[in-house]
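Visitor: Next up is a structure, given as structure tokens.
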Amino acid sequence: MKLLFVHGTKIKEDSNGVYYTGGSYSQSIWNRYLSISSQLSIIARKDPIIYESEYARRNFNYYNKEKIYLVEIPNLVSSIKTFFNIQIHKAKKEKIKEAVLNNDCIIARLPSSNGNIAISMARKYNKPYLIELVGCPWDALWNHSWKGKLVAPFMWYATKKAVKNAPYVLYVSSNFLQKRYPNNFNNISCSDVDLQPVKQDVLDQRLEKIKNMNKNKPLVLCTIANVDVKYKRQDLVIKAISELNIQGYNFEYRLVGGGNTNHLQSIAEKYGVVDKVIFEGSVPHEKVFDYLDDIDIYIQPSDAESHGRVILEAMSRGCPCIGSSTGGIPELIDASFIFKRRNVNELIDILAGFDKEKMIKQAKRNFEFSKGYAKEIIETRRNEFFKEFAESVRNS
């Protein structure tokens, strides 16, 4: 069975011509689709930057050209000129159409303009398809910029329409996306988190770490997200620790993620906490779990977050967690540690109220909660759904 995967994937290339992918697109992700196909193709655009080989190996995920066929499409976001070039848009649409026709079925990850085009083509040419709904386009675009606000209603409508009558839909949330983008046919809730084995010694080490805390060392907070995506709202945490440290607390904030740090750096300078705000840059996914073991509290202050994969990763390491009342975050975190979106004062109150007893209680609660998202549970659930889809393709 020939399978086409469609999302906003970007291929990076090093100086030796080796391909890589960024973000969460590791080989383990591609193996999900290879397990139900004899040939896997992906729609992607290539990053025009040629990276040094050592840098690429350290920061990106290796992409196996021999196993995964690349269908390259034009990069419309490279400049304003290309974005408004009708001919380039037509060329992209034709490339996606050709790929849809050349494959037996499609898995489209939404929200994605590429995915919306592929689904439209799949319907037109009677190709079986499955949707993975991994985010809310309204929240992401509306909270992104004024340009995002212009696009948000169109992407919201396109996503809602695509999901409603799709034959198969996989939601990464438990309730949030299902309510906003309902489906009339076959669907499941299945997180895209990829946890390491949840072992008791991880919790034991966390509890020992909490018991040994003292006022001479800062309480380390952390957020893992791109630092130049404003709707991730790391600025709220910077403002909160500024006020708390003035009151005599000792908080340090570590920001893990790629992107330009200038905006958040200027906020740290304005609020007098430059020495307490540490930009760690990108951390390869396989090292994230070790990194989480070194922090004290994980915070997700976002204006848009459909599920919160990193929250679950932090929970699996016994981290007490705090989050905003956005999207699927309240599905994961204890209600007492949810603050109203953009409300710095509520965040300050939660942080000020933390003591060893609360941290121990939350560490235990979060660790146990994460067991429901153990790799074997999630993979079994997803694989069964994919196999059901594949069987329907073979019988069609």
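Going by the structure tokens order, chains are called A, B, ..., each with residues numbered from 1, while ligands are numbered from 1 in the order shown.
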Extract, using only C-alpha atoms, all DNA, RNA and protein residues at most 6 Å from segment 112-127 of chain A, discarding same-chain residues fewer than 5 positions from it, and format them as a VMD selection string.

Guide: chain A and resid 6 to 7 105

Visitor: Hey, what's within 12 Å of Glu313 of chain A if we count only C-alpha atoms and toss same-chain stuff fewer than 6 positions away? As a PyMOL selection string, please?

Guide: chain A and resi 191-198+223-224+285-293+298+307+319-321+332+366-367+369-371+373-375

Visitor: Keeping only N, CA and C atoms, write the selected residues as a CSV table (one decimal), in the first residue's frame.

Guide:
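What follows is the written file again30.csv:
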chain,number,residue,atom,x,y,z
A,191,SER,N,-2.9,10.7,22.2
A,191,SER,CA,-1.9,11.7,22.3
A,191,SER,C,-0.7,11.4,21.4
A,192,ASP,N,0.0,12.4,21.0
A,192,ASP,CA,1.2,12.2,20.2
A,192,ASP,C,2.5,12.2,21.0
A,193,VAL,N,2.3,12.1,22.3
A,193,VAL,CA,3.5,12.1,23.2
A,193,VAL,C,4.3,10.8,23.1
A,194,ASP,N,5.6,10.9,23.2
A,194,ASP,CA,6.4,9.7,23.1
A,194,ASP,C,7.3,9.6,24.4
A,195,LEU,N,6.7,9.0,25.4
A,195,LEU,CA,7.4,9.0,26.7
A,195,LEU,C,8.4,7.8,26.8
A,196,GLN,N,9.4,8.1,27.6
A,196,GLN,CA,10.3,7.0,28.0
A,196,GLN,C,9.6,6.2,29.1
A,197,PRO,N,10.1,4.9,29.3
A,197,PRO,CA,9.4,4.1,30.3
A,197,PRO,C,9.3,4.8,31.6
A,198,VAL,N,8.1,4.8,32.2
A,198,VAL,CA,7.8,5.4,33.5
A,198,VAL,C,8.2,4.5,34.6
A,223,THR,N,10.1,26.3,30.7
A,223,THR,CA,9.2,26.1,29.6
A,223,THR,C,9.9,25.7,28.4
A,224,ILE,N,9.4,24.7,27.7
A,224,ILE,CA,10.0,24.2,26.5
A,224,ILE,C,9.1,24.6,25.3
A,285,HIS,N,15.4,16.0,21.3
A,285,HIS,CA,14.3,15.4,22.0
A,285,HIS,C,14.7,14.3,23.0
A,286,GLU,N,15.7,13.5,22.5
A,286,GLU,CA,16.2,12.4,23.4
A,286,GLU,C,16.8,12.9,24.7
A,287,LYS,N,17.2,14.1,24.7
A,287,LYS,CA,17.9,14.7,25.9
A,287,LYS,C,16.9,15.5,26.8
A,288,VAL,N,15.7,15.7,26.3
A,288,VAL,CA,14.7,16.5,27.0
A,288,VAL,C,14.4,15.9,28.4
A,289,PHE,N,14.3,14.6,28.5
A,289,PHE,CA,13.9,13.9,29.8
A,289,PHE,C,15.0,14.1,30.8
A,290,ASP,N,16.2,14.0,30.4
A,290,ASP,CA,17.3,14.3,31.4
A,290,ASP,C,17.3,15.7,31.8
A,291,TYR,N,17.0,16.6,30.9
A,291,TYR,CA,17.0,18.0,31.2
A,291,TYR,C,15.8,18.3,32.2
A,292,LEU,N,14.7,17.7,32.0
A,292,LEU,CA,13.6,17.9,32.9
A,292,LEU,C,13.9,17.4,34.4
A,293,ASP,N,14.8,16.4,34.5
A,293,ASP,CA,15.2,16.0,35.8
A,293,ASP,C,15.9,17.0,36.6
A,298,TYR,N,7.6,22.7,36.1
A,298,TYR,CA,7.4,23.0,34.6
A,298,TYR,C,6.2,23.9,34.5
A,307,HIS,N,-3.0,20.3,23.3
A,307,HIS,CA,-2.9,19.2,24.2
A,307,HIS,C,-1.8,19.4,25.2
A,319,CYS,N,7.6,16.0,37.6
A,319,CYS,CA,7.7,17.5,37.8
A,319,CYS,C,6.3,18.0,38.2
A,320,PRO,N,6.3,18.8,39.3
A,320,PRO,CA,5.1,19.6,39.5
A,320,PRO,C,4.9,20.5,38.3
A,321,CYS,N,3.6,20.7,37.9
A,321,CYS,CA,3.3,21.5,36.7
A,321,CYS,C,2.3,22.6,36.9
A,332,LEU,N,-4.9,18.0,31.7
A,332,LEU,CA,-3.7,17.3,32.2
A,332,LEU,C,-3.4,17.7,33.6
A,366,ASN,N,1.3,13.7,39.3
A,366,ASN,CA,1.6,13.8,37.9
A,366,ASN,C,2.3,12.6,37.4
A,367,PHE,N,3.1,12.0,38.2
A,367,PHE,CA,3.8,10.8,37.8
A,367,PHE,C,2.8,9.7,37.5
A,369,PHE,N,-0.4,10.1,36.9
A,369,PHE,CA,-1.2,10.5,35.7
A,369,PHE,C,-0.6,10.1,34.4
A,370,SER,N,0.7,10.3,34.3
A,370,SER,CA,1.5,10.1,33.1
A,370,SER,C,1.5,8.6,32.7
A,371,LYS,N,1.3,7.7,33.6
A,371,LYS,CA,1.2,6.3,33.3
A,371,LYS,C,0.2,5.9,32.3
A,373,TYR,N,-0.4,7.5,29.8
A,373,TYR,CA,0.1,7.8,28.4
A,373,TYR,C,1.4,7.1,28.1
A,374,ALA,N,1.6,5.9,28.8
A,374,ALA,CA,2.8,5.1,28.6
A,374,ALA,C,2.9,4.8,27.1
A,375,LYS,N,4.1,4.7,26.6
A,375,LYS,CA,4.3,4.4,25.2
A,375,LYS,C,3.6,3.2,24.7

Visitor: Report as a ChimeraX atom specification: the residues of segment 51-194 of chain A with a DSSP assignment of helix (DSSP H, G or I), based on the backbone of this structure.

Guide: /A:53-59,80-83,86-101,113-124,137-142,146-164,176-180

Visitor: Name the closest residue to Lys2 of chain A among the candidates A:Phe176, A:Phe251, A:Tyr20, A:Tyr33; distances are taken between atoms, counting only C-alpha atoms.

Guide: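 Under the stated criterion, the closest residue is A:Tyr33.
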
Visitor: Atom CA of Ala314 of chain A and atom CA of Gly259 of chain A, how far apart in Å?

Guide: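 Going from atom CA of Gly259 of chain A over to atom CA of Ala314 of chain A covers 21.6 Å.
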
Visitor: Contacts of segment 232-245 of chain A at 9 Å or less, counting only C-alpha atoms, minus same-chain residues fewer than 2 places along, as a PyMOL selection string?

Guide: chain A and resi 221+223+225-230+247-253+255+263-264+267-268+271-273+276-277+299-305+342-345+347-348+351-352

Visitor: Could you list, as a list in words, every residue within 6 Å of Val256 of chain A, counting only C-alpha atoms and ignoring same-chain residues fewer than 4 positions away?

Guide: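 That gives Ile224, Glu280, Gly281 and Ser282 of chain A.
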
Visitor: Hey, can you check how far atom CA of Val71 of chain A sits from atom CA of Gly22 of chain A?

Guide: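 Atom CA of Gly22 of chain A lies at a distance of 17.0 Å from atom CA of Val71 of chain A.
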
Visitor: Just the residues within 12 Å of Lys209 of chain A, please, counting only C-alpha atoms, with nothing from its chain fewer than 2 positions along; format it as a ChimeraX atom specification.

Guide: /A:202-207,211-214,219-220,293-297,317-319,356,359-360,363

Visitor: If you keep N, CA, C and O atoms, can you produce a file of those selected residues as a JSON list (two decimals), in the first residue's frame?

Guide:
[["chain", "number", "residue", "atom", "x", "y", "z"],
["A", 202, "VAL", "N", 12.53, 7.08, 38.97],
["A", 202, "VAL", "CA", 12.44, 8.48, 38.53],
["A", 202, "VAL", "C", 11.69, 9.30, 39.57],
["A", 202, "VAL", "O", 12.11, 10.40, 39.95],
["A", 203, "LEU", "N", 10.57, 8.76, 40.05],
["A", 203, "LEU", "CA", 9.80, 9.46, 41.09],
["A", 203, "LEU", "C", 10.58, 9.53, 42.39],
["A", 203, "LEU", "O", 10.59, 10.58, 43.06],
["A", 204, "ASP", "N", 11.25, 8.45, 42.77],
["A", 204, "ASP", "CA", 12.04, 8.45, 44.00],
["A", 204, "ASP", "C", 13.10, 9.54, 43.97],
["A", 204, "ASP", "O", 13.31, 10.26, 44.98],
["A", 205, "GLN", "N", 13.77, 9.69, 42.83],
["A", 205, "GLN", "CA", 14.80, 10.73, 42.70],
["A", 205, "GLN", "C", 14.18, 12.12, 42.77],
["A", 205, "GLN", "O", 14.76, 13.04, 43.35],
["A", 206, "ARG", "N", 12.99, 12.27, 42.18],
["A", 206, "ARG", "CA", 12.31, 13.57, 42.23],
["A", 206, "ARG", "C", 11.93, 13.93, 43.67],
["A", 206, "ARG", "O", 12.15, 15.07, 44.11],
["A", 207, "LEU", "N", 11.38, 12.98, 44.39],
["A", 207, "LEU", "CA", 10.99, 13.25, 45.78],
["A", 207, "LEU", "C", 12.20, 13.59, 46.64],
["A", 207, "LEU", "O", 12.13, 14.47, 47.51],
["A", 211, "LYS", "N", 12.87, 17.11, 48.71],
["A", 211, "LYS", "CA", 13.18, 17.11, 50.14],
["A", 211, "LYS", "C", 14.48, 17.84, 50.45],
["A", 211, "LYS", "O", 14.64, 18.42, 51.53],
["A", 212, "ASN", "N", 15.41, 17.82, 49.50],
["A", 212, "ASN", "CA", 16.71, 18.46, 49.71],
["A", 212, "ASN", "C", 16.77, 19.92, 49.28],
["A", 212, "ASN", "O", 17.82, 20.54, 49.32],
["A", 213, "MET", "N", 15.64, 20.47, 48.83],
["A", 213, "MET", "CA", 15.62, 21.88, 48.42],
["A", 213, "MET", "C", 15.92, 22.78, 49.62],
["A", 213, "MET", "O", 15.51, 22.48, 50.74],
["A", 214, "ASN", "N", 16.62, 23.87, 49.36],
["A", 214, "ASN", "CA", 16.86, 24.86, 50.41],
["A", 214, "ASN", "C", 16.83, 26.26, 49.82],
["A", 214, "ASN", "O", 16.95, 26.44, 48.62],
["A", 219, "LEU", "N", 14.66, 28.18, 42.98],
["A", 219, "LEU", "CA", 13.67, 27.22, 42.51],
["A", 219, "LEU", "C", 13.60, 27.38, 41.00],
["A", 219, "LEU", "O", 13.28, 28.45, 40.49],
["A", 220, "VAL", "N", 13.93, 26.32, 40.28],
["A", 220, "VAL", "CA", 14.10, 26.42, 38.82],
["A", 220, "VAL", "C", 12.80, 26.09, 38.09],
["A", 220, "VAL", "O", 12.26, 24.99, 38.20],
["A", 293, "ASP", "N", 14.77, 16.44, 34.48],
["A", 293, "ASP", "CA", 15.16, 15.96, 35.81],
["A", 293, "ASP", "C", 15.89, 17.03, 36.62],
["A", 293, "ASP", "O", 15.96, 16.94, 37.85],
["A", 294, "ASP", "N", 16.45, 18.03, 35.94],
["A", 294, "ASP", "CA", 17.24, 19.05, 36.62],
["A", 294, "ASP", "C", 16.43, 20.27, 37.03],
["A", 294, "ASP", "O", 16.94, 21.15, 37.72],
["A", 295, "ILE", "N", 15.16, 20.36, 36.60],
["A", 295, "ILE", "CA", 14.34, 21.52, 36.96],
["A", 295, "ILE", "C", 13.45, 21.18, 38.14],
["A", 295, "ILE", "O", 13.35, 20.02, 38.56],
["A", 296, "ASP", "N", 12.77, 22.20, 38.68],
["A", 296, "ASP", "CA", 11.88, 21.97, 39.83],
["A", 296, "ASP", "C", 10.40, 22.02, 39.47],
["A", 296, "ASP", "O", 9.62, 21.22, 39.97],
["A", 297, "ILE", "N", 10.00, 22.96, 38.61],
["A", 297, "ILE", "CA", 8.60, 23.12, 38.23],
["A", 297, "ILE", "C", 8.52, 23.39, 36.74],
["A", 297, "ILE", "O", 9.26, 24.24, 36.22],
["A", 317, "ARG", "N", 8.39, 12.68, 34.53],
["A", 317, "ARG", "CA", 9.63, 12.82, 35.32],
["A", 317, "ARG", "C", 9.31, 13.31, 36.73],
["A", 317, "ARG", "O", 10.21, 13.73, 37.47],
["A", 318, "GLY", "N", 8.03, 13.30, 37.10],
["A", 318, "GLY", "CA", 7.63, 13.70, 38.44],
["A", 318, "GLY", "C", 7.66, 15.19, 38.68],
["A", 318, "GLY", "O", 7.70, 15.63, 39.85],
["A", 319, "CYS", "N", 7.64, 16.00, 37.64],
["A", 319, "CYS", "CA", 7.68, 17.46, 37.81],
["A", 319, "CYS", "C", 6.32, 18.00, 38.25],
["A", 319, "CYS", "O", 5.31, 17.68, 37.61],
["A", 356, "LYS", "N", 7.23, 22.48, 49.97],
["A", 356, "LYS", "CA", 7.68, 21.10, 49.75],
["A", 356, "LYS", "C", 6.53, 20.11, 49.76],
["A", 356, "LYS", "O", 6.48, 19.17, 48.97],
["A", 359, "MET", "N", 4.64, 20.32, 46.51],
["A", 359, "MET", "CA", 5.46, 19.81, 45.42],
["A", 359, "MET", "C", 5.52, 18.28, 45.43],
["A", 359, "MET", "O", 5.46, 17.63, 44.39],
["A", 360, "ILE", "N", 5.64, 17.71, 46.62],
["A", 360, "ILE", "CA", 5.66, 16.24, 46.75],
["A", 360, "ILE", "C", 4.33, 15.65, 46.28],
["A", 360, "ILE", "O", 4.30, 14.67, 45.53],
["A", 363, "ALA", "N", 4.11, 15.99, 42.50],
["A", 363, "ALA", "CA", 5.06, 15.07, 41.85],
["A", 363, "ALA", "C", 4.46, 13.67, 41.76],
["A", 363, "ALA", "O", 4.50, 13.02, 40.71]]

Visitor: Point out the residue among A:Val172, A:Val151, A:Val283, A:Met315 with the least atom-to-atom distance to Gly257 of chain A, counting only C-alpha atoms.

Guide: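 Among A:Val172, A:Val151, A:Val283, A:Met315, it is A:Val283 that comes nearest to Gly257 of chain A.
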
Visitor: Let me make sure I understand: among A:Cys190, A:Ile43, A:Ile210, A:Leu110, which one has the smallest atom-to-atom distance to Ala162 of chain A if we use only C-alpha atoms?

Guide: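 Checking each candidate against Ala162 of chain A, we get A:Leu110 as the closest.
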
Visitor: Might you pull out every residue within 10 Å of Arg109 of chain A, with only C-alpha atoms counted and same-chain residues fewer than 6 positions away left off, and present them as a count of residues only?

Guide: 15

Visitor: Pick the closest to Tyr69 of chain A from A:Ile36, A:Leu3, A:Ala390, A:Ala56: which is it, counting only C-alpha atoms?

Guide: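 Closest to Tyr69 of chain A of all the choices is A:Leu3.
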
Visitor: Find the residue from A:Asp104, A:Lys161, A:Gly327, A:Gln200 that sits nearest to Pro182 of chain A; use only C-alpha atoms when measuring.

Guide: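 Closest residue, counting only C-alpha atoms: A:Lys161.
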
Visitor: From the set A:Pro137, A:Ser38, A:Gln265, A:Ser392, which residue has the shortest atom-to-atom contact distance to Tyr157 of chain A, counting only C-alpha atoms?

Guide: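 Closest to Tyr157 of chain A, using only C-alpha atoms: A:Pro137.
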
Visitor: Can you tell me which residues surround segment 63-66 of chain A at a distance of at most 10 Å, considering only C-alpha atoms, apart from same-chain residues fewer than 2 positions away, and format the answer as a list in words?

Guide: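 The residues that qualify are Ile11, Lys12, Glu13, Val18, Tyr19, Tyr20, Thr21, Gly22, Tyr25, Ser26, Gln27, Trp30, Phe60, Asn61, Ile68, Tyr69 and Leu70 of chain A.
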